[in-house]
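Shown below: my_file16.cif, with mmCIF, C-alpha atoms.
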```cif
data_run
#
loop_
_atom_site.label_atom_id
_atom_site.label_comp_id
_atom_site.auth_asym_id
_atom_site.auth_seq_id
_atom_site.Cartn_x
_atom_site.Cartn_y
_atom_site.Cartn_z
CA MET A 113 86.71 54.12 81.58
CA PRO A 114 85.84 57.54 80.93
CA VAL A 115 82.39 57.18 79.40
CA VAL A 116 81.35 60.36 77.64
CA THR A 117 77.71 60.91 76.75
CA ILE A 118 76.79 63.75 74.41
CA LYS A 119 73.08 64.43 74.44
CA LEU A 120 71.89 66.89 71.83
CA ALA A 121 68.82 68.29 70.13
CA GLY A 122 68.88 67.42 66.45
CA THR A 123 71.65 65.44 64.82
CA PHE A 124 75.30 65.61 63.94
CA SER A 125 76.49 64.33 60.57
CA ARG A 126 78.69 61.25 60.53
CA GLU A 127 81.70 63.44 59.77
CA GLN A 128 80.95 65.68 62.74
CA LYS A 129 80.65 62.67 65.07
CA LYS A 130 83.92 61.27 63.78
CA GLN A 131 85.79 64.54 64.31
CA ILE A 132 84.23 65.22 67.71
CA ALA A 133 85.02 61.69 68.92
CA GLU A 134 88.64 62.06 67.83
CA GLU A 135 89.10 65.41 69.52
CA ILE A 136 87.46 64.47 72.81
CA THR A 137 89.40 61.22 73.00
CA ASP A 138 92.57 63.19 72.36
CA THR A 139 91.70 65.76 75.05
CA LEU A 140 91.02 63.07 77.63
CA GLU A 141 94.34 61.39 76.85
CA ARG A 142 96.49 64.50 76.67
CA VAL A 143 94.93 66.45 79.55
CA GLY A 144 93.31 63.73 81.65
CA GLY A 145 95.85 60.94 81.23
CA LYS A 146 93.24 58.40 80.07
CA PRO A 147 94.52 55.84 77.53
CA ARG A 148 92.63 56.10 74.22
CA ARG A 149 91.39 52.54 74.20
CA TYR A 150 89.39 53.04 77.40
CA THR A 151 87.40 56.05 76.22
CA TYR A 152 83.83 55.36 75.14
CA ILE A 153 81.72 58.09 73.57
CA ALA A 154 77.99 57.87 72.91
CA PHE A 155 75.97 60.39 70.91
CA GLU A 156 72.32 60.58 71.94
CA GLU A 157 70.34 62.57 69.40
CA LEU A 158 66.88 63.71 70.41
CA PRO A 159 64.25 65.47 68.29
CA ASP A 160 63.72 69.17 69.07
CA GLU A 161 60.28 68.30 70.39
CA ASN A 162 61.92 66.28 73.17
CA TRP A 163 64.06 69.11 74.60
CA ALA A 164 63.02 72.10 76.61
CA ILE A 165 65.02 75.13 77.70
CA ALA A 166 63.50 77.66 80.05
CA GLY A 167 60.22 75.75 79.96
CA GLU A 168 59.78 75.88 76.18
CA LEU A 169 60.17 73.01 73.77
CA LEU A 170 62.91 73.74 71.25
CA ASP A 171 60.55 73.35 68.30
CA GLU A 172 58.63 76.38 69.58
CA GLU A 173 61.58 78.68 69.17
CA MET B 124 64.89 51.43 93.04
CA PRO B 125 67.74 50.00 91.45
CA VAL B 126 67.44 51.50 87.99
CA VAL B 127 69.64 49.66 85.52
CA THR B 128 70.47 51.26 82.18
CA ILE B 129 72.10 49.15 79.49
CA LYS B 130 73.46 51.28 76.68
CA LEU B 131 74.69 49.36 73.67
CA ALA B 132 75.78 49.68 70.08
CA GLY B 133 73.37 47.85 67.82
CA THR B 134 70.36 45.97 69.09
CA PHE B 135 69.36 42.97 71.14
CA SER B 136 66.52 40.77 69.99
CA ARG B 137 63.37 40.73 72.09
CA GLU B 138 64.33 37.29 73.42
CA GLN B 139 67.75 38.54 74.46
CA LYS B 140 66.24 41.52 76.28
CA LYS B 141 63.77 39.24 78.05
CA GLN B 142 66.47 36.84 79.21
CA ILE B 143 68.91 39.59 80.21
CA ALA B 144 66.20 41.41 82.19
CA GLU B 145 65.30 38.23 84.04
CA GLU B 146 68.88 37.40 84.93
CA ILE B 147 69.86 40.89 86.08
CA THR B 148 66.71 41.24 88.16
CA ASP B 149 67.50 37.87 89.72
CA THR B 150 71.10 38.88 90.43
CA LEU B 151 70.03 42.10 92.11
CA GLU B 152 67.54 40.25 94.29
CA ARG B 153 69.75 37.29 95.23
CA VAL B 154 73.04 39.16 95.66
CA GLY B 155 71.94 42.73 96.33
CA GLY B 156 68.79 42.11 98.37
CA LYS B 157 66.60 44.27 96.13
CA PRO B 158 62.98 43.08 95.82
CA ARG B 159 62.12 42.21 92.21
CA ARG B 160 59.26 44.65 91.89
CA TYR B 161 61.53 47.65 92.46
CA THR B 162 64.03 46.85 89.72
CA TYR B 163 63.68 48.85 86.52
CA ILE B 164 65.78 48.02 83.47
CA ALA B 165 66.05 50.18 80.35
CA PHE B 166 67.78 49.13 77.13
CA GLU B 167 69.14 52.05 75.12
CA GLU B 168 70.16 50.91 71.66
CA LEU B 169 72.31 53.25 69.60
CA PRO B 170 73.43 52.88 65.98
CA ASP B 171 77.11 52.00 65.49
CA GLU B 172 77.64 55.44 64.02
CA ASN B 173 76.78 56.96 67.41
CA TRP B 174 79.44 55.12 69.42
CA ALA B 175 83.17 55.63 69.50
CA ILE B 176 85.88 53.58 71.18
CA ALA B 177 89.47 54.82 71.19
CA GLY B 178 88.42 57.78 69.06
CA GLU B 179 86.93 55.76 66.21
CA LEU B 180 83.28 55.36 65.39
CA LEU B 181 82.23 51.73 65.59
CA ASP B 182 81.07 51.67 61.98
CA GLU B 183 84.68 52.29 60.93
CA GLU B 184 85.91 49.06 62.41
CA MET C 44 80.35 48.77 74.60
CA PRO C 45 77.59 47.77 76.61
CA VAL C 46 77.77 50.35 79.38
CA VAL C 47 75.65 49.31 82.35
CA THR C 48 74.70 51.87 84.97
CA ILE C 49 73.17 50.69 88.23
CA LYS C 50 71.65 53.53 90.18
CA LEU C 51 70.51 52.65 93.67
CA ALA C 52 69.38 54.10 96.96
CA GLY C 53 71.84 53.25 99.68
CA THR C 54 74.98 51.22 99.09
CA PHE C 55 76.17 47.79 98.14
CA SER C 56 79.15 46.26 99.93
CA ARG C 57 82.32 45.72 97.92
CA GLU C 58 81.57 41.97 97.83
CA GLN C 59 78.08 42.61 96.47
CA LYS C 60 79.45 44.89 93.74
CA LYS C 61 82.06 42.31 92.80
CA GLN C 62 79.51 39.51 92.54
CA ILE C 63 76.94 41.61 90.70
CA ALA C 64 79.55 42.84 88.20
CA GLU C 65 80.65 39.28 87.51
CA GLU C 66 77.13 38.00 86.97
CA ILE C 67 75.96 40.85 84.74
CA THR C 68 79.11 40.66 82.62
CA ASP C 69 78.53 36.94 82.29
CA THR C 70 74.89 37.43 81.32
CA LEU C 71 75.78 39.98 78.65
CA GLU C 72 78.39 37.64 77.18
CA ARG C 73 76.37 34.44 77.31
CA VAL C 74 72.98 35.84 76.31
CA GLY C 75 73.89 39.04 74.49
CA GLY C 76 77.08 37.95 72.75
CA LYS C 77 79.11 40.88 74.10
CA PRO C 78 82.79 40.09 74.77
CA ARG C 79 83.67 40.50 78.44
CA ARG C 80 86.39 43.07 77.91
CA TYR C 81 83.95 45.57 76.40
CA THR C 82 81.47 45.58 79.26
CA TYR C 83 81.68 48.56 81.62
CA ILE C 84 79.58 48.66 84.78
CA ALA C 85 79.16 51.70 87.01
CA PHE C 86 77.46 51.69 90.43
CA GLU C 87 75.91 55.02 91.36
CA GLU C 88 74.92 55.04 95.02
CA LEU C 89 72.62 57.80 96.19
CA PRO C 90 71.49 58.60 99.73
CA ASP C 91 67.87 57.71 100.53
CA GLU C 92 67.12 61.40 100.79
CA ASN C 93 67.91 61.76 97.08
CA TRP C 94 65.38 59.21 95.82
CA ALA C 95 61.64 59.43 95.61
CA ILE C 96 59.08 56.81 94.73
CA ALA C 97 55.43 57.78 94.33
CA GLY C 98 56.28 61.33 95.35
CA GLU C 99 57.84 60.43 98.71
CA LEU C 100 61.51 60.56 99.57
CA LEU C 101 62.77 57.13 100.58
CA ASP C 102 63.91 58.35 103.99
CA GLU C 103 60.26 59.08 104.82
CA GLU C 104 59.19 55.48 104.50
CA MET D 285 72.09 73.85 85.25
CA PRO D 286 69.55 71.63 86.52
CA VAL D 287 69.37 69.06 83.75
CA VAL D 288 66.22 66.97 84.03
CA THR D 289 65.96 63.69 82.14
CA ILE D 290 62.59 61.98 81.90
CA LYS D 291 62.92 58.43 80.67
CA LEU D 292 59.65 56.70 79.88
CA ALA D 293 58.12 53.68 78.23
CA GLY D 294 56.00 54.73 75.30
CA THR D 295 55.53 58.34 74.27
CA PHE D 296 54.04 61.59 75.39
CA SER D 297 52.20 63.79 72.91
CA ARG D 298 53.75 67.12 72.03
CA GLU D 299 51.13 68.86 74.19
CA GLN D 300 51.99 66.68 77.17
CA LYS D 301 55.70 67.41 76.78
CA LYS D 302 55.02 71.13 76.53
CA GLN D 303 52.88 71.16 79.67
CA ILE D 304 55.22 68.90 81.65
CA ALA D 305 58.26 71.01 80.69
CA GLU D 306 56.49 74.19 81.79
CA GLU D 307 55.43 72.75 85.13
CA ILE D 308 58.78 71.18 86.02
CA THR D 309 60.66 74.35 85.06
CA ASP D 310 58.25 76.31 87.22
CA THR D 311 58.70 73.93 90.15
CA LEU D 312 62.48 74.15 89.95
CA GLU D 313 62.34 77.94 89.91
CA ARG D 314 59.72 78.42 92.61
CA VAL D 315 60.87 75.68 95.00
CA GLY D 316 64.51 75.16 94.03
CA GLY D 317 65.51 78.73 93.20
CA LYS D 318 66.85 77.82 89.76
CA PRO D 319 66.41 80.53 87.10
CA ARG D 320 64.23 79.33 84.23
CA ARG D 321 66.80 79.89 81.51
CA TYR D 322 69.20 77.39 83.05
CA THR D 323 66.78 74.46 83.20
CA TYR D 324 67.18 71.85 80.48
CA ILE D 325 64.67 69.02 80.14
CA ALA D 326 65.09 65.99 77.89
CA PHE D 327 62.39 63.40 77.18
CA GLU D 328 63.77 59.96 76.35
CA GLU D 329 61.01 57.74 74.99
CA LEU D 330 61.72 54.02 74.81
CA PRO D 331 59.56 51.28 73.28
CA ASP D 332 57.82 48.99 75.79
CA GLU D 333 60.06 46.17 74.62
CA ASN D 334 63.06 48.08 75.99
CA TRP D 335 61.81 48.39 79.57
CA ALA D 336 61.53 45.77 82.25
CA ILE D 337 59.95 45.94 85.67
CA ALA D 338 60.32 43.04 88.09
CA GLY D 339 62.16 41.07 85.42
CA GLU D 340 59.41 41.27 82.79
CA LEU D 341 59.45 43.35 79.65
CA LEU D 342 56.60 45.82 79.63
CA ASP D 343 55.17 44.45 76.39
CA GLU D 344 54.51 41.16 78.21
CA GLU D 345 52.11 42.72 80.66
CA MET E 132 58.38 53.84 84.75
CA PRO E 133 58.97 57.32 84.22
CA VAL E 134 62.42 57.66 85.75
CA VAL E 135 63.26 61.30 86.36
CA THR E 136 66.86 62.33 86.98
CA ILE E 137 67.59 65.83 88.22
CA LYS E 138 71.25 66.68 87.93
CA LEU E 139 72.27 69.94 89.57
CA ALA E 140 75.23 71.99 90.67
CA GLY E 141 75.19 72.39 94.42
CA THR E 142 72.52 70.91 96.64
CA PHE E 143 68.87 71.15 97.47
CA SER E 144 67.73 70.98 101.08
CA ARG E 145 65.71 67.97 102.14
CA GLU E 146 62.56 70.10 102.17
CA GLN E 147 63.21 71.28 98.62
CA LYS E 148 63.71 67.70 97.42
CA LYS E 149 60.51 66.61 99.13
CA GLN E 150 58.47 69.41 97.57
CA ILE E 151 60.02 69.01 94.11
CA ALA E 152 59.45 65.25 94.15
CA GLU E 153 55.79 65.74 95.10
CA GLU E 154 55.17 68.31 92.39
CA ILE E 155 56.90 66.43 89.58
CA THR E 156 55.14 63.19 90.50
CA ASP E 157 51.87 65.08 90.49
CA THR E 158 52.61 66.66 87.10
CA LEU E 159 53.46 63.29 85.55
CA GLU E 160 50.25 61.78 86.88
CA ARG E 161 47.92 64.66 86.03
CA VAL E 162 49.38 65.62 82.65
CA GLY E 163 51.18 62.46 81.56
CA GLY E 164 48.80 59.82 82.92
CA LYS E 165 51.53 57.97 84.81
CA PRO E 166 50.39 56.33 88.07
CA ARG E 167 52.22 57.78 91.08
CA ARG E 168 53.67 54.50 92.28
CA TYR E 169 55.67 54.03 89.08
CA THR E 170 57.46 57.37 89.17
CA TYR E 171 61.06 57.28 90.37
CA ILE E 172 62.98 60.50 90.94
CA ALA E 173 66.72 60.72 91.60
CA PHE E 174 68.57 63.88 92.63
CA GLU E 175 72.21 63.92 91.56
CA GLU E 176 74.05 66.76 93.29
CA LEU E 177 77.46 67.71 91.90
CA PRO E 178 79.96 70.21 93.30
CA ASP E 179 80.28 73.46 91.33
CA GLU E 180 83.77 72.41 90.34
CA ASN E 181 82.25 69.49 88.41
CA TRP E 182 79.98 71.57 86.16
CA ALA E 183 80.87 73.78 83.25
CA ILE E 184 78.70 76.14 81.24
CA ALA E 185 80.13 77.86 78.14
CA GLY E 186 83.49 76.26 78.85
CA GLU E 187 83.89 77.66 82.37
CA LEU E 188 83.63 75.73 85.60
CA LEU E 189 80.84 77.10 87.75
CA ASP E 190 83.17 77.85 90.64
CA GLU E 191 84.92 80.40 88.41
CA GLU E 192 81.86 82.54 88.06
CA MET F 122 71.86 71.99 74.59
CA PRO F 123 74.49 69.66 74.09
CA VAL F 124 74.78 68.16 77.56
CA VAL F 125 78.04 66.29 77.98
CA THR F 126 78.49 63.85 80.84
CA ILE F 127 81.95 62.51 81.60
CA LYS F 128 81.81 59.54 83.95
CA LEU F 129 85.17 58.38 85.23
CA ALA F 130 86.86 56.17 87.77
CA GLY F 131 88.87 58.26 90.17
CA THR F 132 89.12 62.02 89.95
CA PHE F 133 90.43 64.80 87.78
CA SER F 134 92.13 67.79 89.37
CA ARG F 135 90.40 71.14 89.11
CA GLU F 136 92.91 72.23 86.48
CA GLN F 137 92.22 69.13 84.40
CA LYS F 138 88.47 69.72 84.57
CA LYS F 139 88.92 73.34 83.56
CA GLN F 140 91.09 72.45 80.56
CA ILE F 141 88.89 69.54 79.46
CA ALA F 142 85.74 71.68 79.70
CA GLU F 143 87.33 74.39 77.59
CA GLU F 144 88.51 72.00 74.90
CA ILE F 145 85.27 70.04 74.61
CA THR F 146 83.20 73.23 74.49
CA ASP F 147 85.51 74.51 71.77
CA THR F 148 85.22 71.25 69.81
CA LEU F 149 81.43 71.31 69.97
CA GLU F 150 81.35 74.91 68.76
CA ARG F 151 83.95 74.61 66.01
CA VAL F 152 82.99 71.16 64.69
CA GLY F 153 79.39 70.78 65.79
CA GLY F 154 78.16 74.37 65.41
CA LYS F 155 76.84 74.57 68.98
CA PRO F 156 77.09 78.03 70.57
CA ARG F 157 79.33 77.98 73.65
CA ARG F 158 76.71 79.26 76.05
CA TYR F 159 74.46 76.25 75.47
CA THR F 160 77.05 73.58 76.27
CA TYR F 161 76.78 72.01 79.71
CA ILE F 162 79.44 69.60 80.95
CA ALA F 163 79.17 67.46 84.08
CA PHE F 164 82.00 65.42 85.58
CA GLU F 165 80.82 62.37 87.52
CA GLU F 166 83.69 60.90 89.51
CA LEU F 167 83.20 57.42 90.93
CA PRO F 168 85.50 55.48 93.25
CA ASP F 169 87.40 52.58 91.63
CA GLU F 170 85.32 50.19 93.70
CA ASN F 171 82.21 51.36 91.81
CA TRP F 172 83.48 50.54 88.30
CA ALA F 173 83.95 47.19 86.66
CA ILE F 174 85.55 46.31 83.34
CA ALA F 175 85.39 42.76 82.03
CA GLY F 176 83.62 41.69 85.22
CA GLU F 177 86.33 42.91 87.61
CA LEU F 178 86.13 45.90 89.89
CA LEU F 179 88.85 48.40 89.05
CA ASP F 180 90.32 48.26 92.54
CA GLU F 181 91.18 44.60 91.92
CA GLU F 182 93.51 45.41 89.09
#
```

Could you take the file, read its structure, and then write that structure out as structure tokens?
Amino acid sequence: MPVVTIKLAGTFSREQKKQIAEEITDTLERVGGKPRRYTYIAFEELPDENWAIAGELLDEE
Amino acid sequence: MPVVTIKLAGTFSREQKKQIAEEITDTLERVGGKPRRYTYIAFEELPDENWAIAGELLDEE
Amino acid sequence: MPVVTIKLAGTFSREQKKQIAEEITDTLERVGGKPRRYTYIAFEELPDENWAIAGELLDEE
Amino acid sequence: MPVVTIKLAGTFSREQKKQIAEEITDTLERVGGKPRRYTYIAFEELPDENWAIAGELLDEE
Amino acid sequence: MPVVTIKLAGTFSREQKKQIAEEITDTLERVGGKPRRYTYIAFEELPDENWAIAGELLDEE
Amino acid sequence: MPVVTIKLAGTFSREQKKQIAEEITDTLERVGGKPRRYTYIAFEELPDENWAIAGELLDEE
């Protein structure tokens, strides 16, 4: 019932996702008081071509 | 002008998407008073590795 | 683990939200095979001034 | 710090994304007063089968 | 059927929203080939306290 | 350029948001290799009436 969405350019490895999911779930329990079983986390990985910062696609940088 | 996003782990078959889209559009018209032509539905399918519940990736379960 | 977001202009009454949540959860279980307890639904209600269709804010129509 | 998400059925070419990102970033700076470096834009491209309008999947039309 | 979401800290005035919606709808038609009537735009305005950049809430800056 | 959205029922206090933003930004830098200045975090707080789990609005529980 917190739903956390992490949108990123590129990808994380499976090990990175696993560690990040553990730490964020822990943070939301310890600091936010949200029971672990209610926390959903979704990783949305987009190619660099599909992200722009300051008007430039990331694959231009 | 309702925009419905359905984010899921894994995939639905085309037939499931078709049936789910029909039923949700019907619900929003009948219960919510939203004309059918304004309802947009997007299915966002993520691999199990990209979802965590309770701090564990779904492909661990 | 389906997470459903319903973004709309204006508001639904509490009774409408209750009925819509029941029906969509039922649809996702019956058609999509998703256990009821995993389905999260969030209603995001925006003022008409914050929505545009075809380049016009909804409060212009 | 504006984060713009553009969800579409089908795809844009890289040239379209580049031009659209430039124009939207420009609009948000010129009209909205948001410095260019803070504007993030993400393109989320979904297959036609994953979108419905008026209760019909787009690949039915 | 492009759905554009613009998430920002603070607010835009109604005139800013109107102008931004017109320009983005125009861009998506002219550059992206998307008919005007299909473009939905939603402005999601969040208080500064609800945004962080670089680990700091915006109301700290 | 990771953009993190935390959607929750109810609210966090300002202190909770500050601490959560710090910890998540740290996690994404340390584990995910994302420079702090690129991480955006948005807290979207919804009333209990606007969330359903298992087909029931949270204010029914």

Could you state which residues are captured by the PyMOL selection byres ((chain D and resi 340) around 12) in this file, as a VMD selection string? (chain B and resid 137 to 138 140 to 149 159 to 165) or (chain D and resid 332 to 339 341 to 345)

Written as a PyMOL selection string, what is the full residue list that the PyMOL selection byres ((chain D and resi 294-296) around 6) yields on the file shown? chain D and resi 293+297+300+329-331

Superimposed copy of chain C on chain B by least squares over C-alpha atoms, as a PDB file with C-alpha atoms, in the coordinates of the input:
```pdb
ATOM      1  CA  MET C  44      64.914  51.465  93.053  1.00  0.00           C
ATOM      2  CA  PRO C  45      67.747  50.017  91.461  1.00  0.00           C
ATOM      3  CA  VAL C  46      67.444  51.515  87.993  1.00  0.00           C
ATOM      4  CA  VAL C  47      69.650  49.673  85.516  1.00  0.00           C
ATOM      5  CA  THR C  48      70.474  51.267  82.185  1.00  0.00           C
ATOM      6  CA  ILE C  49      72.102  49.163  79.486  1.00  0.00           C
ATOM      7  CA  LYS C  50      73.473  51.277  76.688  1.00  0.00           C
ATOM      8  CA  LEU C  51      74.696  49.356  73.677  1.00  0.00           C
ATOM      9  CA  ALA C  52      75.772  49.693  70.081  1.00  0.00           C
ATOM     10  CA  GLY C  53      73.392  47.846  67.823  1.00  0.00           C
ATOM     11  CA  THR C  54      70.370  45.948  69.086  1.00  0.00           C
ATOM     12  CA  PHE C  55      69.374  42.965  71.134  1.00  0.00           C
ATOM     13  CA  SER C  56      66.506  40.756  69.985  1.00  0.00           C
ATOM     14  CA  ARG C  57      63.353  40.731  72.092  1.00  0.00           C
ATOM     15  CA  GLU C  58      64.320  37.274  73.415  1.00  0.00           C
ATOM     16  CA  GLN C  59      67.753  38.532  74.449  1.00  0.00           C
ATOM     17  CA  LYS C  60      66.226  41.506  76.281  1.00  0.00           C
ATOM     18  CA  LYS C  61      63.762  39.237  78.051  1.00  0.00           C
ATOM     19  CA  GLN C  62      66.469  36.836  79.201  1.00  0.00           C
ATOM     20  CA  ILE C  63      68.893  39.574  80.212  1.00  0.00           C
ATOM     21  CA  ALA C  64      66.192  41.411  82.188  1.00  0.00           C
ATOM     22  CA  GLU C  65      65.295  38.224  84.033  1.00  0.00           C
ATOM     23  CA  GLU C  66      68.878  37.404  84.931  1.00  0.00           C
ATOM     24  CA  ILE C  67      69.858  40.896  86.076  1.00  0.00           C
ATOM     25  CA  THR C  68      66.704  41.238  88.170  1.00  0.00           C
ATOM     26  CA  ASP C  69      67.497  37.880  89.712  1.00  0.00           C
ATOM     27  CA  THR C  70      71.093  38.875  90.426  1.00  0.00           C
ATOM     28  CA  LEU C  71      70.029  42.111  92.106  1.00  0.00           C
ATOM     29  CA  GLU C  72      67.546  40.244  94.297  1.00  0.00           C
ATOM     30  CA  ARG C  73      69.751  37.307  95.217  1.00  0.00           C
ATOM     31  CA  VAL C  74      73.043  39.155  95.660  1.00  0.00           C
ATOM     32  CA  GLY C  75      71.930  42.719  96.323  1.00  0.00           C
ATOM     33  CA  GLY C  76      68.793  42.085  98.359  1.00  0.00           C
ATOM     34  CA  LYS C  77      66.608  44.276  96.133  1.00  0.00           C
ATOM     35  CA  PRO C  78      62.987  43.095  95.801  1.00  0.00           C
ATOM     36  CA  ARG C  79      62.121  42.210  92.213  1.00  0.00           C
ATOM     37  CA  ARG C  80      59.250  44.647  91.886  1.00  0.00           C
ATOM     38  CA  TYR C  81      61.525  47.644  92.455  1.00  0.00           C
ATOM     39  CA  THR C  82      64.028  46.848  89.729  1.00  0.00           C
ATOM     40  CA  TYR C  83      63.667  48.857  86.515  1.00  0.00           C
ATOM     41  CA  ILE C  84      65.789  48.024  83.480  1.00  0.00           C
ATOM     42  CA  ALA C  85      66.052  50.169  80.363  1.00  0.00           C
ATOM     43  CA  PHE C  86      67.783  49.123  77.123  1.00  0.00           C
ATOM     44  CA  GLU C  87      69.145  52.039  75.124  1.00  0.00           C
ATOM     45  CA  GLU C  88      70.167  50.900  71.655  1.00  0.00           C
ATOM     46  CA  LEU C  89      72.314  53.243  69.611  1.00  0.00           C
ATOM     47  CA  PRO C  90      73.429  52.886  65.995  1.00  0.00           C
ATOM     48  CA  ASP C  91      77.103  51.994  65.499  1.00  0.00           C
ATOM     49  CA  GLU C  92      77.638  55.425  64.020  1.00  0.00           C
ATOM     50  CA  ASN C  93      76.793  56.950  67.408  1.00  0.00           C
ATOM     51  CA  TRP C  94      79.455  55.116  69.417  1.00  0.00           C
ATOM     52  CA  ALA C  95      83.173  55.611  69.504  1.00  0.00           C
ATOM     53  CA  ILE C  96      85.873  53.586  71.178  1.00  0.00           C
ATOM     54  CA  ALA C  97      89.456  54.845  71.196  1.00  0.00           C
ATOM     55  CA  GLY C  98      88.411  57.799  69.063  1.00  0.00           C
ATOM     56  CA  GLU C  99      86.939  55.744  66.209  1.00  0.00           C
ATOM     57  CA  LEU C 100      83.276  55.367  65.393  1.00  0.00           C
ATOM     58  CA  LEU C 101      82.228  51.729  65.592  1.00  0.00           C
ATOM     59  CA  ASP C 102      81.052  51.678  61.983  1.00  0.00           C
ATOM     60  CA  GLU C 103      84.661  52.302  60.920  1.00  0.00           C
ATOM     61  CA  GLU C 104      85.936  49.082  62.407  1.00  0.00           C
TER      62      GLU C 104
END
```

Please expand the PyMOL selection byres ((chain E and resi 134) around 6) into the concrete residues it hits in this file, giving the result as a ChimeraX atom specification. /D:290-291 /E:132-133,135,171-172

Please measure the separation of CA of Phe174 in chain E and CA of Glu167 in chain B, giving the value in Å to one decimal.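 Distance reported for this atom pair: 21.1 Å.
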
Point-to-point distance in Å for CA of Glu160 in chain E and CA of Arg314 in chain D: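 Separating CA of Arg314 in chain D from CA of Glu160 in chain E is a distance of 20.0 Å.
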
To one decimal place in Å, what is the distance between CA of Leu139 in chain E and CA of Thr117 in chain A?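 Distance reported for this atom pair: 16.6 Å.
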
Could you add N, CA and C atoms to range 161-173 of chain F and give me the result as a PDB file, in the frame of the given file?
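Once written, selection05.pdb looks like this:
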```pdb
ATOM      1  N   TYR F 161      76.642  72.367  78.292  1.00  0.00           N
ATOM      2  CA  TYR F 161      76.780  72.010  79.710  1.00  0.00           C
ATOM      3  C   TYR F 161      77.680  70.777  79.788  1.00  0.00           C
ATOM      4  N   ILE F 162      78.583  70.769  80.748  1.00  0.00           N
ATOM      5  CA  ILE F 162      79.440  69.600  80.950  1.00  0.00           C
ATOM      6  C   ILE F 162      79.395  69.218  82.423  1.00  0.00           C
ATOM      7  N   ALA F 163      79.181  67.949  82.689  1.00  0.00           N
ATOM      8  CA  ALA F 163      79.170  67.460  84.080  1.00  0.00           C
ATOM      9  C   ALA F 163      80.196  66.342  84.227  1.00  0.00           C
ATOM     10  N   PHE F 164      81.020  66.455  85.251  1.00  0.00           N
ATOM     11  CA  PHE F 164      82.000  65.420  85.580  1.00  0.00           C
ATOM     12  C   PHE F 164      81.447  64.567  86.724  1.00  0.00           C
ATOM     13  N   GLU F 165      81.313  63.273  86.475  1.00  0.00           N
ATOM     14  CA  GLU F 165      80.820  62.370  87.520  1.00  0.00           C
ATOM     15  C   GLU F 165      81.951  61.423  87.910  1.00  0.00           C
ATOM     16  N   GLU F 166      82.508  61.659  89.067  1.00  0.00           N
ATOM     17  CA  GLU F 166      83.690  60.900  89.510  1.00  0.00           C
ATOM     18  C   GLU F 166      83.252  59.786  90.463  1.00  0.00           C
ATOM     19  N   LEU F 167      83.595  58.564  90.105  1.00  0.00           N
ATOM     20  CA  LEU F 167      83.200  57.420  90.930  1.00  0.00           C
ATOM     21  C   LEU F 167      84.451  56.741  91.490  1.00  0.00           C
ATOM     22  N   PRO F 168      84.364  56.230  92.703  1.00  0.00           N
ATOM     23  CA  PRO F 168      85.500  55.480  93.250  1.00  0.00           C
ATOM     24  C   PRO F 168      85.767  54.218  92.425  1.00  0.00           C
ATOM     25  N   ASP F 169      87.029  53.782  92.397  1.00  0.00           N
ATOM     26  CA  ASP F 169      87.400  52.580  91.630  1.00  0.00           C
ATOM     27  C   ASP F 169      86.542  51.374  92.001  1.00  0.00           C
ATOM     28  N   GLU F 170      86.127  51.317  93.247  1.00  0.00           N
ATOM     29  CA  GLU F 170      85.320  50.190  93.700  1.00  0.00           C
ATOM     30  C   GLU F 170      83.956  50.154  93.003  1.00  0.00           C
ATOM     31  N   ASN F 171      83.541  51.281  92.431  1.00  0.00           N
ATOM     32  CA  ASN F 171      82.210  51.360  91.810  1.00  0.00           C
ATOM     33  C   ASN F 171      82.223  51.192  90.295  1.00  0.00           C
ATOM     34  N   TRP F 172      83.359  50.765  89.752  1.00  0.00           N
ATOM     35  CA  TRP F 172      83.480  50.540  88.300  1.00  0.00           C
ATOM     36  C   TRP F 172      83.989  49.139  88.067  1.00  0.00           C
ATOM     37  N   ALA F 173      83.421  48.482  87.078  1.00  0.00           N
ATOM     38  CA  ALA F 173      83.950  47.190  86.660  1.00  0.00           C
ATOM     39  C   ALA F 173      84.197  47.211  85.155  1.00  0.00           C
TER      40      ALA F 173
END
```
